[in-house]
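Peer 1: Sending over a structure as structure tokens; questions will come in a sec.
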Amino acid sequence: MKTTESDSLHHDLEKMPVEDLLRHINEEDRKVPLAIEKQIPAIKALVEAIVPKMKNGGRVFYIGAGTSGRLGIVDASELPPTFGADPNWVIGLIAGGDTAIRKAVEFAEDDRNQAWKDLQQHAINDKDTVIGIAASGSTPYVVGGLDDCQKNGITTACITCNAGADVISVSDFPVVVVVGPEFVTGSTRMKAGTAQKLVLNMISTSVMIQLGRVKGNKMVDMQLTNTKLVERGTRMIMNELKIKAEEAQALLEKYGSVRKAIDNSRN
């Protein structure tokens, strides 16, 4: 039996007081970062493969179904506002299309050929990297998509939570985070989903830093889409240029980004 389908270590959940439920969920969640730590070498190898390809015009695609697909879309959608990344650099695809982001689309994940069709809509090519996200590691949409990518010379990777999963055999860079049985048996939106989210954070953040989208430890290319971010950007400029708030804000308004404000003020 797959680890992700194994029986929970906790029983009679409906009889537990709320505090016990919360403490036991937290107990299980603490296992996730420890499992990820074991996979840092695998994650490192993947990041180091992605960066040169992206510098050469390549993109990253996430493919997944259900929770896994949604996590990929969330990660991809956060990169433009956080790092000023082009929305086409990292793209999340989910079995069942956009409808599946909010509602389950019956049997969408069971079509082994659909992921390749979805990728072809984006003119997928050998400069790109495709990361399959599948807690079970057996989702046909993901396995079939990665298999088709490999057949076409496209770099593949996966994030899964089962050792020996089908998806590993079609991945050039497998990341296998075995977090153990879920608190609610088979509910991979819990520990497995948390593991996938953390690994996606590690991959995309490291890639963006390697691509020069961070200065020091600051998001100097972030999009200024609300008052909080404008205030944050103003503080960055104040601290970097050693100037007052009014002057920093004026520079930010003039140049539209923290990086441009700092660079142009120094030239």
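Scheme for the structure tokens: letters A, B, ... for chains in order shown; per-chain residue numbers from 1; ligand numbers from 1 in order shown.
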Hey, which bits of range 123-158 of chain A sit within 10 Å of range 45-57 of chain A, and for each residue what's the closest pair of atoms and how far apart in Å (one decimal), counting only C-alpha atoms, rows by chain and increasing number, as JSON lines?
Peer 2:
```
{"residue": "A:Asp126", "atom": "CA", "partner": "A:Lys53", "partner_atom": "CA", "distance": 9.1}
{"residue": "A:Lys127", "atom": "CA", "partner": "A:Lys53", "partner_atom": "CA", "distance": 5.8}
{"residue": "A:Asp128", "atom": "CA", "partner": "A:Lys53", "partner_atom": "CA", "distance": 6.9}
{"residue": "A:Thr129", "atom": "CA", "partner": "A:Ile50", "partner_atom": "CA", "distance": 6.7}
{"residue": "A:Val130", "atom": "CA", "partner": "A:Ile50", "partner_atom": "CA", "distance": 9.7}
{"residue": "A:Ile131", "atom": "CA", "partner": "A:Leu46", "partner_atom": "CA", "distance": 9.6}
{"residue": "A:Thr155", "atom": "CA", "partner": "A:Ala49", "partner_atom": "CA", "distance": 8.7}
{"residue": "A:Thr156", "atom": "CA", "partner": "A:Leu46", "partner_atom": "CA", "distance": 9.3}
{"residue": "A:Ala157", "atom": "CA", "partner": "A:Leu46", "partner_atom": "CA", "distance": 7.4}
{"residue": "A:Cys158", "atom": "CA", "partner": "A:Leu46", "partner_atom": "CA", "distance": 9.6}
```
Peer 1: List every residue of range 142-258 of chain A that DSSP, applied to the backbone of this structure, places in strand (DSSP E or B), and write the result as a PyMOL selection string.
Peer 2: chain A and resi 155-160+173-176+215+218
Peer 1: Give me a file of those residues, with N, CA and C atoms, as an mmCIF file, in the first residue's frame.
Peer 2:
```cif
data_model
loop_
_atom_site.group_PDB
_atom_site.id
_atom_site.type_symbol
_atom_site.label_atom_id
_atom_site.label_comp_id
_atom_site.auth_asym_id
_atom_site.auth_seq_id
_atom_site.Cartn_x
_atom_site.Cartn_y
_atom_site.Cartn_z
ATOM 1 N N THR A 155 13.220 18.189 -20.143
ATOM 2 C CA THR A 155 13.632 17.869 -18.776
ATOM 3 C C THR A 155 12.415 17.728 -17.871
ATOM 4 N N THR A 156 12.416 16.662 -17.068
ATOM 5 C CA THR A 156 11.275 16.397 -16.191
ATOM 6 C C THR A 156 11.714 16.255 -14.738
ATOM 7 N N ALA A 157 10.777 16.547 -13.847
ATOM 8 C CA ALA A 157 10.999 16.383 -12.410
ATOM 9 C C ALA A 157 9.662 16.059 -11.768
ATOM 10 N N CYS A 158 9.705 15.631 -10.519
ATOM 11 C CA CYS A 158 8.452 15.376 -9.812
ATOM 12 C C CYS A 158 8.601 15.696 -8.334
ATOM 13 N N ILE A 159 7.480 15.974 -7.705
ATOM 14 C CA ILE A 159 7.394 16.092 -6.253
ATOM 15 C C ILE A 159 6.319 15.111 -5.822
ATOM 16 N N THR A 160 6.730 14.047 -5.135
ATOM 17 C CA THR A 160 5.791 13.014 -4.719
ATOM 18 C C THR A 160 6.062 12.607 -3.282
ATOM 19 N N PHE A 173 14.630 14.375 -12.429
ATOM 20 C CA PHE A 173 14.981 14.908 -11.112
ATOM 21 C C PHE A 173 13.833 14.666 -10.128
ATOM 22 N N PRO A 174 13.738 13.453 -9.582
ATOM 23 C CA PRO A 174 12.654 13.175 -8.638
ATOM 24 C C PRO A 174 12.935 13.725 -7.241
ATOM 25 N N VAL A 175 11.924 14.314 -6.634
ATOM 26 C CA VAL A 175 11.981 14.759 -5.240
ATOM 27 C C VAL A 175 10.910 13.955 -4.500
ATOM 28 N N VAL A 176 11.359 13.075 -3.618
ATOM 29 C CA VAL A 176 10.452 12.117 -2.969
ATOM 30 C C VAL A 176 10.426 12.391 -1.470
ATOM 31 N N LYS A 215 17.825 41.384 -4.133
ATOM 32 C CA LYS A 215 19.055 42.112 -3.821
ATOM 33 C C LYS A 215 19.233 42.085 -2.306
ATOM 34 N N LYS A 218 16.091 41.413 -0.145
ATOM 35 C CA LYS A 218 14.904 42.217 -0.430
ATOM 36 C C LYS A 218 14.317 41.917 -1.814
#
```
Peer 1: Could you pull out the alpha helix (DSSP H) residues of range 40-217 of chain A, going by DSSP on the backbone, and write them as JSON, numbers by chain?
Peer 2: {"A": [40, 41, 42, 43, 44, 45, 46, 47, 48, 49, 50, 51, 52, 53, 54, 55, 66, 67, 68, 69, 70, 71, 72, 73, 74, 75, 76, 77, 78, 79, 80, 81, 82, 83, 99, 100, 101, 102, 114, 115, 116, 117, 118, 119, 120, 140, 141, 142, 143, 144, 145, 146, 147, 148, 149, 150, 151, 191, 192, 193, 194, 195, 196, 197, 198, 199, 200, 201, 202, 203, 204, 205, 206, 207, 208, 209, 210]}
Peer 1: Please provide the set of residues having any atom within 9 Å of range 234-244 of chain A, restricted to only C-alpha atoms, with same-chain residues fewer than 3 positions apart removed, written as an NGL selection string.
Peer 2: :A and (218 or 220 or 229-231 or 247-252 or 258-259 or 261-262 or 265-266)
Peer 1: What are the closest atom pairs, with distances in Å to one decimal, for all residues of range 29-126 of chain A lying within 9 Å of range 135-153 of chain A? Consider only C-alpha atoms, order rows by chain and residue number, and present the result as a Markdown table.
Peer 2:
```
| residue | atom | partner | partner_atom | distance |
| --- | --- | --- | --- | --- |
| A:Ile63 | CA | A:Val142 | CA | 6.3 |
| A:Gly64 | CA | A:Val142 | CA | 5.9 |
| A:Ala65 | CA | A:Tyr141 | CA | 7.3 |
| A:Thr67 | CA | A:Ala135 | CA | 9.0 |
| A:Ser68 | CA | A:Ala135 | CA | 7.1 |
| A:Ile94 | CA | A:Tyr141 | CA | 9.0 |
| A:Ala95 | CA | A:Tyr141 | CA | 6.7 |
| A:Ala108 | CA | A:Tyr141 | CA | 7.8 |
| A:Glu109 | CA | A:Tyr141 | CA | 5.0 |
| A:Asp110 | CA | A:Pro140 | CA | 5.1 |
| A:Asp111 | CA | A:Tyr141 | CA | 5.4 |
| A:Arg112 | CA | A:Gly144 | CA | 4.5 |
| A:Asn113 | CA | A:Gly144 | CA | 6.0 |
| A:Gln114 | CA | A:Tyr141 | CA | 6.4 |
| A:Ala115 | CA | A:Gly145 | CA | 4.8 |
| A:Trp116 | CA | A:Gly145 | CA | 5.1 |
| A:Lys117 | CA | A:Gly145 | CA | 8.6 |
| A:Leu119 | CA | A:Gly145 | CA | 8.4 |
| A:Ile124 | CA | A:Cys149 | CA | 8.8 |
| A:Asn125 | CA | A:Asn152 | CA | 8.1 |
| A:Asp126 | CA | A:Gly153 | CA | 5.8 |
```
Peer 1: At most 8 Å is the cut-off: for each residue in range 10-75 of chain A with any atom that close to an atom of range 188-198 of chain A, write down the nearest atom pair and the distance in Å rounded to one decimal, counting only C-alpha atoms, chain first then increasing number, as a Markdown table.
Peer 2:
```
| residue | atom | partner | partner_atom | distance |
| --- | --- | --- | --- | --- |
| A:Glu28 | CA | A:Lys191 | CA | 7.3 |
| A:Asp29 | CA | A:Lys191 | CA | 6.0 |
| A:Val32 | CA | A:Ala195 | CA | 5.9 |
| A:Pro33 | CA | A:Ala195 | CA | 7.3 |
| A:Ile36 | CA | A:Ala195 | CA | 7.0 |
| A:Thr67 | CA | A:Arg189 | CA | 6.0 |
| A:Ser68 | CA | A:Gly193 | CA | 6.8 |
| A:Leu71 | CA | A:Lys197 | CA | 6.3 |
| A:Asp75 | CA | A:Lys197 | CA | 7.9 |
```
Peer 1: So that I can see what lies close to Thr185 in chain A, please list as a PyMOL selection string the residues with an atom at most 7 Å from it, counting only C-alpha atoms and leaving out residues fewer than 3 positions away in the same chain.
Peer 2: chain A and resi 5-8+181-182
